[in-house]
Structures are given as structure tokens and as C-alpha cells.
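To keep things clear, I will list the structure first and then write my remarks on it.
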Amino acid sequence: MSEQTSVPVVSRQTQPSQIQPHQAPAQRKPLFSLDNRYIAPAFITCILLAGHLSFGILESYQKTLLAIVTSILLELVLGRIFFQKWIHPASAYITGISVGILIRSPAFWPYALCSAISITSKYVLRVKGRHIWNPSNFGISVMLFLAAETVATLSIQWGNYLLPMLVIWVLGSVIIWRLRRFHITGIYIASFIAFAFLRSWMTGSPWQSEIAPITGPMYQLFIFFMITDPKTTVRSKRGQCLVVFLVAVVEMVLRLYQVVYAPFYALFVVGPTAMLVEIWLDSRRSNATKLTVAQ
Amino acid sequence: MTGNRVAKFFLVLFFIGLLATPFVIKRMSAAREADKSRTDAKTALARHGFYLEEVSHAAGINFVHQSPKLDPKLDPIMPEVASMGASVSIVDFDRDGWPDIYVTNSAIGSKNALYRNMHDGTFKDVASEMGIADVNQPGTGVSTGAVWGDYDNDGYEDLFLIKWGRPELYHNDHGHGFTRVTEQAGLPPWINANTAIWFDYDGDGLLDLFVGGYYSEDIDLWHLTTTRIMPDSFEYAKNGGRKYLFHNLGNGKFEEVSAQLGINSRRWSLAAAAADLRGSGHPDLFVANDYGVSELYFNDGKKFHDVGEQTGVGFAPKSGMNAAFGDILNQGRYAVYVSNISEDGILIQGNNLWVPKEGTAANAVKYQNLARDFGVELGGWSFGAQFGDLNNDGTLDLYLTNGYISLDHNRSYWYDFSKVAGGNSTIIGDAKNWPAFEGRSLSGYQSKRVWLNDGAGKFIDVAQAIGATDTYDGRSVALVDLWNRGALDVVVANQNGPLLVYKNTVAPENQWIEFELEGTGSSHSGSNRSAIGAQVTLFWNGQRQVQEVSGGSGFAAQNDRRLHFGLGRNPHIEKAIIRWPSGKVQTIDQPAANQLHKMKEPA
């Protein structure tokens with residue numbers, strides 16, 4: 001969801017079959033009159049504001065602002081250079097705000113750097129016109145790899161209380177449903193819970209401790225904003241279900257090795273791999289079609 | 001995607017540059033960072049102006065702290081829930097002019113120790129004969145800290161024993177022994193606390209007592225009726241122990257007045273300290289809380305006002321474990337140091353150095369966290385810290401101890417910790433939901449920090465170079481000139497570890513001055529006899545530094561009440577101004593350097 005508006009029109013035109021969730025079916029009365037392009041930014045902003053006003057989750061407005069501004073400015077500049085147009089800033093805003101919420105560092109520079117890496121990755125790490133990593137997932141994973149002594153991610157904010165989590169889950173589910181991507185979130189949650197019980201059985205840890213991460217705030221952003229990103233998920237619904245299940249599988253394995261940031265790394269590995277497979281399959285189909293036409 | 005090849009080339013180059021940035025920053029900060037090389041004493045003396053030598057055994061101190069063993073229901077996570085209790089406080093209990101050391105033990109049946117200074121470089125444990133050793137008896141809980149203050153103004157420091165259990169007040173019988181007066185004083189039957197301080201909040205010449213609860217006071221940790229005793233949030237918990245403010249009535253009794261004076265908090269307090277932060281003449285109260293924000297209470301002499309958010313210190317929740325004041329810039333204003341948790345790649349809270357913002361003062365004072373700018377931000381799982389001029393160069397340095405649980409070197413509990421810490425309150429709040437420790441470490445075997453203040457806004461870690469090389473699970477730090485030599489020695493209490501005494505040798509060209517203050521003890525117009533809250537502002541060589549006699553600071557610690565100022569080379573001391581808690585101001589013109597000045601409050 002986070003990068004649904006990120007790929008410029010040029011790219012969309014090259015992929016006519018891609019799901020465009022912001023275009024609601026004509027026959028269905030929309031639940032919201034708000035342009036879907038703004039739903040995700042509005043939602044994540046609400047999460048941020050609710051979290052901050054209720055719990056003061058932002059250590060510093062300036063850091064979050066730095067992440068957002070860096071993200072938007074870089075998107076505008078790179079879009080101008082490489083697509084000769086001003087890219088709509090909604091996607092960059094989501095990337096920036098995700099970085100601003102998820103990254104935790106006492107320093108300022110990681111916020112700017114993480115946003116910059118996230119946005120630039122969209123322009124550099126491309127295969128056949130498509131960027132293959134969710135930008136903020138890429139940026140955060142890279143920061144955790146390369147700047148571990150300065151950066152951690154949010155995992156403990158939001159007060160650990162039920163009510164704010166429920167509100168975010170309900171709102172998020174409605175919006176994700178509206179965008180026809182709830183199956184991704186649903187499959188992931190079901191898989192995570194099943195694997196949590198499996199891990200508990202395997203390791204002897206209390207099942208509550210295995211379930212605990214998904215009740216925390218980091219996962220809410222992960223579930224609603226990262227794994228649902230249309231531009232970095234495969235196109236078919238069945239494929240999306242399979243991929244998100246594989247994300248949960250890889251996360252399960254990483255968790256058995258006690259990797260703290262297992263979900264980020266699982267998506268980091270599985271997401272692009274799935275994209276590459278799909279691109280390869282597309283290419284094969286295209287070649288086969290050309291061959292048929294030629295014959 | 002369009003764009004010419006040159007643009008794409010530069011884009012890729014830019015991307016590579018972004019990815020390389022963390023390495024560059026790491027190299028740059030490493031270059032200007034600490035002096036991590038171990039050096040010999042001579043080199044350390046030449047390079048940093050001092051070195052530390054651990055002399056506990058030679059000084060006759062062989063104390064090893066023992067952690068409590070709580071209810072068996074907590075066995076799986078016992079190392080975590082029983083991870084505090086080691087503490088050290090400095091007192092001259094017999095008024096012989098030589099500082100003594102009191103240390104707590106925390107296993108049921110274990111004994112606390114009072115090391116009497118024998119004036120010859122050695123100490124002798126006299127706690128048993130004085131009646132304050134066997135204080136961890138079954139059914140009474142265990143010690144977690146101690147603070148000393150002359151609550152009845154008889155000239156001898158009395159002992160408040162902080163416990164997970166029955167708090168105790170011991171009256172000092174003129175240095176010949178101690179009498180337990182807990183019931184007469186009217187103290188509550190049970191508090192699970194890690195911090196307490198003596199201070200005279202209302203300026204009546206009688207020391208009052210603040211106690212900050214950690215676990216809720218209705219929990220007997222040895223006989224649990226439920227395992228729901230843990231914080232209900234890692235950063236916003238409000239289900240900890242209550243706070244107590246015991247007003248000294250002057251007849252050996254205390255009255256609990258926290259709620260009516262504006263202190264209503266159930267955050268998990270770990271450290272408290274009081275100082276006059278605004279020049280109001282009344283001590284303000286700073287409380288560092290685990291699992292939440294710090295609290296700052298302005299005191300108008302009659303009521304406390306929670307100004308944490310207003311001043312900026314109570315905004316970002318962390319894991320506060322220390323509160324210490326220091327005039328680090330020699331500007332006559334205190335900064336506050338709060339320690340937190342930093343573990344590479346997992347949790348980077350960073351310690352806080354709250355420095356008053358330029359242009360803000362009095363009730364409008366605002367604080368900004370300059371720990372990163374000053375270089376005192378990252379100290380691992382940080383616990384006790386104290387400011388003191390370790391090399392007598394005229395600026396306050398910072399000694400920090402750290403390390404949480406050192407068990408198996410190769411296996412860490414961090415994964416399980418982070419997993420549960422992020423979970424819903426119903427999960428995190430119940431001890432039975434926490435995975436078993438199974439002998440793993442959690443931020444263990446950490447190197448300590450000794451940050452030298454360069455006087456220009458930077459602190460450099462020289463711990464390894466000057467000899468602070470231990471890796472025990474440090475908790476409590478106290479600074480004291482143990483042998484009246486004009487050098488601040490360092491005493492460190494370690495959880496499940498030995499009491500360390502670091503003897504300090506300072507370059508002789510750096511001079512010093514010390515003040516020992518004594519109030520009149522008159523409850524009409526005088527100050528408390530301990531002079532807790534008295535401020536000395538020293539003016540020399542065109543600069544000034546303020547220090548205040550403290551009734552407890554750091555983590556479960558109390559420095560020597562004598563104030564120590566380093567002066568640097570060739571000092572010209574203009575004057576020292578003493579502001580007594582009573583409000584009286586006393587000026588000493590051109591006090592001599594390299595001397596201890598014993599000052600009594602004018603009648």
C-alpha cells in the first residue's frame with residue numbers, strides 16, 4: 001500500500017494488467033469519497049497523531065519531519081530527472097513517515113539517510129521498469145545492517161495497550177479491505193499466529209511470548225503498509241497469498257534463529273524474489289506470445 | 001524510467017554513497033572517540049591527569065553482593081527480576097573526619113557492611129557491631145539502597161535503608177551504634193523501592209525523605225499471589241510502586257504527604273535526586289523512571305508541581321536508571337544525567353544529558369538533551385553515574401557503570417526480551433509469559449565509561465586508559481575522597497559482584513579545594529545539620545562552578561557530603577559563596593587551595 005502511487009505514470013503504462021487499487025470499481029459505491037491516493041497517507045498520519053497525542057511516541061518532531069522532507073524532496077528531484085515530471089508526493093510522504101515512526105535513533109542523520117536510501121532504491125533497484133523492494137523495508141533493513149550501533153526500530157511504542165491497537169487494526173482492516181488487499185494482511189496474520197504456536201511447541205517458550213510481537217505497534221505498520229504495497233507485490237491474488245505466506249515462513253525460520261528484526265528481513269528477502277520470479281514468468285509469456293504471433 | 005546514461009551513472013554513484021555513509025560516519029566518530037587503549041599508570045597520568053587503581057582487597061574490603069532469590073514462580077526469569085540491590089553510600093558515621101562506606105546485600109540472610117575508615121588505607125567492617133548488618137532477615141525483605149541524613153540534628157548521620165520489603169530507619173547513637181526506630185518514625189510496613197533521598201523540601205531545618213517505589217507496595221516478592229507483577233508497558237507503565245514524601249515532624253516522627261503536596265505517580269522509579277534548579281531557594285525533585293518518562297517536580301516550598309513535559313525532560317519515555325546533577329559547563333547551572341539502555345541494533349535509547357537551554361531560567365527553564373553532542377550518550381545498559389572532577393582540572397567528569405546480566409558469554413536473552421517487551425500489556429505484564437532465561441546474558445560484560453570533560457562541551461571516554469577496566473554488572477557509583485588526599489576516589493557496587501574501590505592518583509600540578517558544611521540544626525532559622533541542600537559556588541580563574549550537598553543521587557547511591565572542586569594549575573581563587581538551605585549566604589574570600597575547609601552555618 002505504501003508505494004501504490006509511487007511508480008510514475010510512465011511505468012504504469014507499461015504494465016496495463018497491474019492492479020490499480022486507487023481506481024475503485026465503477027459498479028460499487030465507494031465507502032469513502034476521499035481519493036484513494038490520499039487514504040494511505042491520511043491513515044498513517046492518523047496513526048502517528050493518535051500515537052503521539054495519546055502516548056507521545058515521537059521523541060522529536062524534527063526527526064520525523066526530517067525523514068518526511070528528505071523523502072519528498074528526493075522523490076521530486078529524482079522524478080524530475082528521470083521521469084521529467086513532478087511525482088505526486090503521497091508515496092514519498094508515506095515512506096518518510098514510516099521511516100520517521102519505525103526508525104529510532106538519538107541522532108538526526110539516520111532519519112535523513114534512511115529516507116534517502118529508501119527513495120533512491122526505487123530508482124536504482126529496478127528490473128524491467130519495476131522497482132522490486134518496498135522502499136521503506138529496504139531502507140530500514142539496510143540501516144539495521146549497516147548502522148546497528150546507531151539505529152534500532154520501533155518495537156515498544158504505543159503503550160502496549162489494547163485500545164489504540166484495536167482502533168488501528170479496525171481502521172486499517174477497513175481501509176485495506178477497501179483497497180482489496182485484505183487477503184494479504186489476513187493470510188499473514190493467520191500464518192503468523194499458526195507459526196507462533198508451532199514455535200512455542202518447538203522451543204518451549206510460552207505461546208503468549210510468541211504471539212506478543214504481532215500485538216505490538218511495529219507489526220501494525222508492517223502489516224498494513226509494507227506487505228500490502230502493490231508495487232512490490234506480485235499481481236495475481238493467488239500469488240500474493242503465496243508470497244505473504246512465504247514471508248511468514250521465512251520470518252518463522254529467522255525467529256527460530258532469534259533474529260530480532262525477522263519480519264523486515266523476511267520481506268526483504270521474499271518480496272524481491274517473488275517480484276523477480278513474476279518478471280521472469282512475464283518475460284517468458286511475452287516471448288511465447290511473440291513467437292505465436294510470428295508463427 | 002528515462003534519463004540518460006550519465007544521469008543514471010550518477011544516480012548509482014549517489015546510491016552507493018548513501019550506502020557507504022554509515023561506514024564513513026562510523027570511522028569519523030571512531031577517530032574522535034574514546035581512548036580505548038589500555039595504558040600504564042604513568043602514561044595515563046601524563047595523558048589524562050589521573051589514573052585509577054582497584055585496591056579493594058588491599059584496603060581490606062572483600063564484599064561480594066548477592067542477589068535476592070524471590071518467589072519460585074519467578075524462577076524462569078529470576079536473573080531479570082532480581083537484578084538490582086547492590087548499592088553504596090558514603091558517610092562519616094562516627095565523625096572522625098574520614099569517610100566510611102556502607103554497602104547493601106540483597107539475599108535473604110545476607111549481611112550489609114559498614115566499612116569504617118581506619119585512616120591507614122584500610123577499612124574494617126563494623127556493621128555487625130553497630131547493628132546494621134543483619135537487616136535482610138526472612139519476612140522483612142532485602143536491602144536495595146541506603147541514604148544517610150541527620151534527621152534529628154544531633155550531629156550524627158542516621159540511616160534510611162531502602163528495601164524491597166520493610167523500610168528501616170536507624171538512629172545513629174553518636175557513632176557508637178544504631179537503634180532501629182522504624183515504627184516510632186511511622187514508616188509504612190512494606191515498600192518495594194530502589195531509590196530514596198533526604199532533603200529539606202520545606203526549609204524548616206529538618207530533613208524530609210522521598211522514597212520512590214518500583215514494584216507495587218502490595219506485592220511481597222517472596223510470596224506472590226499472582227505473576228502479574230511486571231510493568232504493563234515497556235515505555236508507558238504506570239502500575240509501579242507509589243511515591244512517598246515523609247515530612248519530618250521533628251519529634252522522631254514522619255508524616256506521609258506526597259499526595260497532598262502534588263506527587264501522585266505510579267511510575268517505576270529507579271533514581272531520584274534533589275537540587276535547587278531555579279535559584280528559588282527550594283530543592284526541586286528529579287525522578288528517573290524505568291519503563292517511562294522522567295519526572296521533574298518544581299518545589300515552591302509548600303507544594304510540588306509536575307513540570308516534566310513543560311521543561312522537556314518528561315516527554316520521551318525511556319528506561320531511566322540514574323539521576324545526577326552537575327555544573328558541567330561551569331556556568332552556575334546544573335545539568336541532569338539520566339542513564340538508559342543502548343544495545344547495538346536492538347534498542348538505542350541513549351542516555352540523557354539534560355542541559356538548561358540558553359535564555360531560559362527560573363520557572364521558565366527548559367532542558368535539551370545534549371548527550372549526543374557532549375559525547376555521553378551511549379553507555380550500554382547504563383546504571384549508576386556520578387559527576388566529579390576526577391583529574392582536578394576544574395571541570396566535572398562523569399563516571400558511569402553499566403552491564404545488566406552477565407551469564408553465558410555466548411547466548412543472549414535480547415531476542416526474547418524484545419519479543420515480549422513489544423507485546424500487549426496483558427502479555428508483558430505477566431511474568432509467566434516471559435520466556436525462561438536459561439543462563440543467557442542480557443547486555444552483560446560491558447565496558448565502563450569514564451568521560452573526561454574537556455570544558456568545551458565534549459566528553460571523552462578514557463575508562464580503559466585510566467584503569468577502569470572491570471566488566472561486572474555495575475549498579476551504584478559513589479565518589480569520595482576516601483583518604484583525604486584531595487582526589488576523588490570511586491566506589492562501585494556490582495550486582496552479584498565485588499565491591500570495587502578505585503583509588504585515584506591525580507597529577508600533582510592540578511590543585512583542589514574541598515568544603516565540609518554543617519548546618520546549625522536549628523529548626524527555627526537554621527539549616528539541617530547535614531547541610532543537605534547547601535550550595536557552594538566557587539569563583540576562580542575567571543570561572544565559577546556550583547555544587548550542592550546531596551542526600552542521595554545517581555543510582556541507589558550517595559556521594560560523600562563533602563564537596564570537592566578541582567582547580568587546575570595555578571589557580572587564583574577569588575571567593576566561595578555558600579548558600580545555606582536556611583537562605584543565609586556566607587562568602588569566603590580567597591580560600592586556600594589544596595585544603596579541606598570545614599564550615600559551620602553562622603548562627
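Ordered as shown in the C-alpha cells, chains take letters A, B, and onward, while each chain numbers its residues from 1 and ligands are numbered from 1 in the order shown.
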Near chain A, meaning an atom within 9 Å, which residues of chain B appear when counting only C-alpha atoms? Write them as a PyMOL selection string. chain B and resi 1-4+7-8+11-12+14-15+18-23+26+232-237+315-317+342-350+372+377+414-416+418-428+432-436
Set out as CSV a contact list for segment 377-407 of chain B and segment 484-487 of chain B with a cut-off of 10 Å, giving each residue of segment 377-407 of chain B that qualifies its closest atom pair and distance in Å to one decimal, counting only C-alpha atoms, ordered by chain and rising residue number.
residue,atom,partner,partner_atom,distance
B:Gly388,CA,B:Ala487,CA,10.0
B:Asp389,CA,B:Ala487,CA,8.5
B:Leu390,CA,B:Ala487,CA,7.0
B:Asn391,CA,B:Ala487,CA,7.7
B:Asn392,CA,B:Ala487,CA,7.5
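Around Asp397 of chain B, within 8 Å and counting only C-alpha atoms, the residues found are Ile328, Phe387, Gly388, Asp389, Leu390, Thr395, Tyr399, Val450, Trp451, Leu452, Asn453 and Phe459 of chain B, once anything fewer than 2 positions away on its own chain is removed.
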Check the DSSP output for the backbone and give back, as a VMD selection string, the residues of segment 107-195 of chain A in alpha helix (DSSP H). chain A and resid 109 to 124 135 to 146 162 to 178 182 to 195
Contacts of segment 516-531 of chain B at 8 Å or less, counting only C-alpha atoms, minus same-chain residues fewer than 3 places along, as a PDB file with N, CA and C atoms, in the first residue's frame?
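Output (around03.pdb):
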ATOM      1  N   GLY B 149      21.299  10.769  56.496  1.00  0.00           N
ATOM      2  CA  GLY B 149      20.958  12.159  56.792  1.00  0.00           C
ATOM      3  C   GLY B 149      20.666  12.301  58.279  1.00  0.00           C
ATOM      4  N   ASP B 150      21.036  13.425  58.820  1.00  0.00           N
ATOM      5  CA  ASP B 150      20.866  13.649  60.270  1.00  0.00           C
ATOM      6  C   ASP B 150      19.465  14.193  60.515  1.00  0.00           C
ATOM      7  N   TYR B 151      18.498  13.272  60.614  1.00  0.00           N
ATOM      8  CA  TYR B 151      17.104  13.718  60.658  1.00  0.00           C
ATOM      9  C   TYR B 151      16.742  14.407  61.978  1.00  0.00           C
ATOM     10  N   ASN B 153      19.057  16.151  63.787  1.00  0.00           N
ATOM     11  CA  ASN B 153      20.006  17.254  64.001  1.00  0.00           C
ATOM     12  C   ASN B 153      20.861  17.093  65.257  1.00  0.00           C
ATOM     13  N   ASP B 154      21.248  15.836  65.533  1.00  0.00           N
ATOM     14  CA  ASP B 154      22.113  15.640  66.704  1.00  0.00           C
ATOM     15  C   ASP B 154      23.588  15.578  66.311  1.00  0.00           C
ATOM     16  N   GLY B 155      23.848  15.813  65.028  1.00  0.00           N
ATOM     17  CA  GLY B 155      25.230  15.868  64.572  1.00  0.00           C
ATOM     18  C   GLY B 155      25.747  14.560  64.000  1.00  0.00           C
ATOM     19  N   GLU B 157      24.975  11.230  61.387  1.00  0.00           N
ATOM     20  CA  GLU B 157      24.165  10.842  60.229  1.00  0.00           C
ATOM     21  C   GLU B 157      23.380   9.570  60.533  1.00  0.00           C
ATOM     22  N   ASP B 200      15.448  18.711  52.557  1.00  0.00           N
ATOM     23  CA  ASP B 200      14.557  19.542  53.377  1.00  0.00           C
ATOM     24  C   ASP B 200      13.685  20.357  52.427  1.00  0.00           C
ATOM     25  N   GLY B 203      12.230  23.681  53.969  1.00  0.00           N
ATOM     26  CA  GLY B 203      13.153  24.634  54.571  1.00  0.00           C
ATOM     27  C   GLY B 203      12.953  24.864  56.054  1.00  0.00           C
ATOM     28  N   ASP B 204      12.448  23.847  56.750  1.00  0.00           N
ATOM     29  CA  ASP B 204      12.201  24.036  58.180  1.00  0.00           C
ATOM     30  C   ASP B 204      13.379  23.570  59.035  1.00  0.00           C
ATOM     31  N   GLY B 205      14.470  23.241  58.399  1.00  0.00           N
ATOM     32  CA  GLY B 205      15.657  22.831  59.138  1.00  0.00           C
ATOM     33  C   GLY B 205      15.641  21.359  59.516  1.00  0.00           C
ATOM     34  N   LEU B 206      14.613  20.643  59.056  1.00  0.00           N
ATOM     35  CA  LEU B 206      14.509  19.208  59.356  1.00  0.00           C
ATOM     36  C   LEU B 206      14.511  18.427  58.048  1.00  0.00           C
ATOM     37  N   LEU B 207      15.311  17.391  57.997  1.00  0.00           N
ATOM     38  CA  LEU B 207      15.403  16.624  56.759  1.00  0.00           C
ATOM     39  C   LEU B 207      14.149  15.789  56.541  1.00  0.00           C
ATOM     40  N   ALA B 534      22.702  22.613  50.796  1.00  0.00           N
ATOM     41  CA  ALA B 534      23.572  23.801  50.786  1.00  0.00           C
ATOM     42  C   ALA B 534      24.364  23.848  49.484  1.00  0.00           C
ATOM     43  N   VAL B 549      25.321  20.017  48.337  1.00  0.00           N
ATOM     44  CA  VAL B 549      25.372  18.844  49.218  1.00  0.00           C
ATOM     45  C   VAL B 549      24.119  18.006  48.975  1.00  0.00           C
ATOM     46  N   ARG B 561      29.332  13.768  51.505  1.00  0.00           N
ATOM     47  CA  ARG B 561      28.695  15.088  51.637  1.00  0.00           C
ATOM     48  C   ARG B 561      29.695  16.225  51.431  1.00  0.00           C
ATOM     49  N   ARG B 562      30.970  15.932  51.603  1.00  0.00           N
ATOM     50  CA  ARG B 562      31.958  16.990  51.369  1.00  0.00           C
ATOM     51  C   ARG B 562      32.011  17.307  49.873  1.00  0.00           C
ATOM     52  N   LEU B 563      32.105  18.582  49.576  1.00  0.00           N
ATOM     53  CA  LEU B 563      32.135  19.000  48.174  1.00  0.00           C
ATOM     54  C   LEU B 563      33.577  19.166  47.713  1.00  0.00           C
ATOM     55  N   TRP B 580      23.178  28.583  52.295  1.00  0.00           N
ATOM     56  CA  TRP B 580      22.657  27.541  53.168  1.00  0.00           C
ATOM     57  C   TRP B 580      21.179  27.302  52.885  1.00  0.00           C
ATOM     58  N   PRO B 581      20.680  26.117  53.200  1.00  0.00           N
ATOM     59  CA  PRO B 581      19.246  25.848  52.975  1.00  0.00           C
ATOM     60  C   PRO B 581      18.340  26.847  53.688  1.00  0.00           C
ATOM     61  N   SER B 582      18.838  27.428  54.768  1.00  0.00           N
ATOM     62  CA  SER B 582      18.031  28.421  55.501  1.00  0.00           C
ATOM     63  C   SER B 582      17.896  29.716  54.719  1.00  0.00           C
ATOM     64  N   LEU B 596      40.907  21.189  52.889  1.00  0.00           N
ATOM     65  CA  LEU B 596      39.508  20.947  53.229  1.00  0.00           C
ATOM     66  C   LEU B 596      39.064  22.065  54.168  1.00  0.00           C
ATOM     67  N   HIS B 597      38.016  22.770  53.792  1.00  0.00           N
ATOM     68  CA  HIS B 597      37.514  23.871  54.616  1.00  0.00           C
ATOM     69  C   HIS B 597      36.261  23.393  55.338  1.00  0.00           C
ATOM     70  N   LYS B 598      36.342  23.349  56.652  1.00  0.00           N
ATOM     71  CA  LYS B 598      35.182  22.946  57.444  1.00  0.00           C
ATOM     72  C   LYS B 598      34.398  24.191  57.816  1.00  0.00           C
ATOM     73  N   MET B 599      33.194  24.287  57.329  1.00  0.00           N
ATOM     74  CA  MET B 599      32.401  25.493  57.512  1.00  0.00           C
ATOM     75  C   MET B 599      31.130  25.193  58.301  1.00  0.00           C
ATOM     76  N   LYS B 600      30.872  26.011  59.284  1.00  0.00           N
ATOM     77  CA  LYS B 600      29.623  25.911  60.032  1.00  0.00           C
ATOM     78  C   LYS B 600      28.727  27.075  59.670  1.00  0.00           C
ATOM     79  N   GLU B 601      27.451  26.804  59.607  1.00  0.00           N
ATOM     80  CA  GLU B 601      26.488  27.853  59.273  1.00  0.00           C
ATOM     81  C   GLU B 601      26.495  28.914  60.381  1.00  0.00           C
ATOM     82  N   PRO B 602      26.573  30.176  59.986  1.00  0.00           N
ATOM     83  CA  PRO B 602      26.528  31.227  61.007  1.00  0.00           C
ATOM     84  C   PRO B 602      25.191  31.171  61.751  1.00  0.00           C
ATOM     85  N   ALA B 603      25.251  31.465  63.017  1.00  0.00           N
ATOM     86  CA  ALA B 603      24.024  31.416  63.820  1.00  0.00           C
ATOM     87  C   ALA B 603      23.100  32.570  63.431  1.00  0.00           C
TER      88      ALA B 603
END
Residue list (strand (DSSP E), DSSP) for segment 185-263 of chain B, as a ChimeraX atom specification: /B:191-199,208-215,243-248,254-256
May I ask for the distance between atom CA of Phe9 of chain B and atom CA of Ser71 of chain A, given in Å to one decimal place? 20.9 Å
Report as a count of residues only all protein, DNA and RNA residues lying within 7 Å of segment 180-185 of chain A, evaluated on only C-alpha atoms, omitting residues in the same chain fewer than 6 positions from it. 8
Near Ala362 of chain B, within 8 Å and counting only C-alpha atoms, which residues show up once chain neighbours fewer than 3 positions away are dropped, as an MDAnalysis selection string? chainID B and resid 277:280 365
Env of Leu76 of chain A: 9 Å cut, atoms = only C-alpha atoms, seq-sep filter 6 positions within chain, self excluded. Answer as a compact mmCIF listing (two decimals) with C-alpha atoms, in the first residue's frame.
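In the end it all went to part_13.txt:
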# COMPACT_ATOMS: atom_id res chain seq x y z
CA LYS A 85 7.62 15.23 -14.21
CA TRP A 86 6.81 16.17 -10.65
CA ILE A 87 5.87 12.96 -8.92
CA HIS A 88 2.88 13.10 -6.60
CA PRO A 89 4.36 13.24 -3.09
CA ALA A 92 7.20 9.63 -0.61
Nearest to Ala507 of chain B among B:Lys575, B:Leu567, B:Ala127, B:Val181, with distances taken over only C-alpha atoms: which residue is it?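 Answer, going by the shortest atom-to-atom distance: B:Leu567.
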Between A:Lys237, A:Met252, A:Ile227, A:Arg284, which has the minimum distance to Ala196 of chain A (counting only C-alpha atoms)?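 Of the candidates, the smallest distance to Ala196 of chain A is held by A:Met252.
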For Phe50 of chain B, which residue among B:Ala576, B:Val492, B:Leu378, B:Val462 is the nearest when counting only C-alpha atoms?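 Distance minimum relative to Phe50 of chain B lands on B:Val462.
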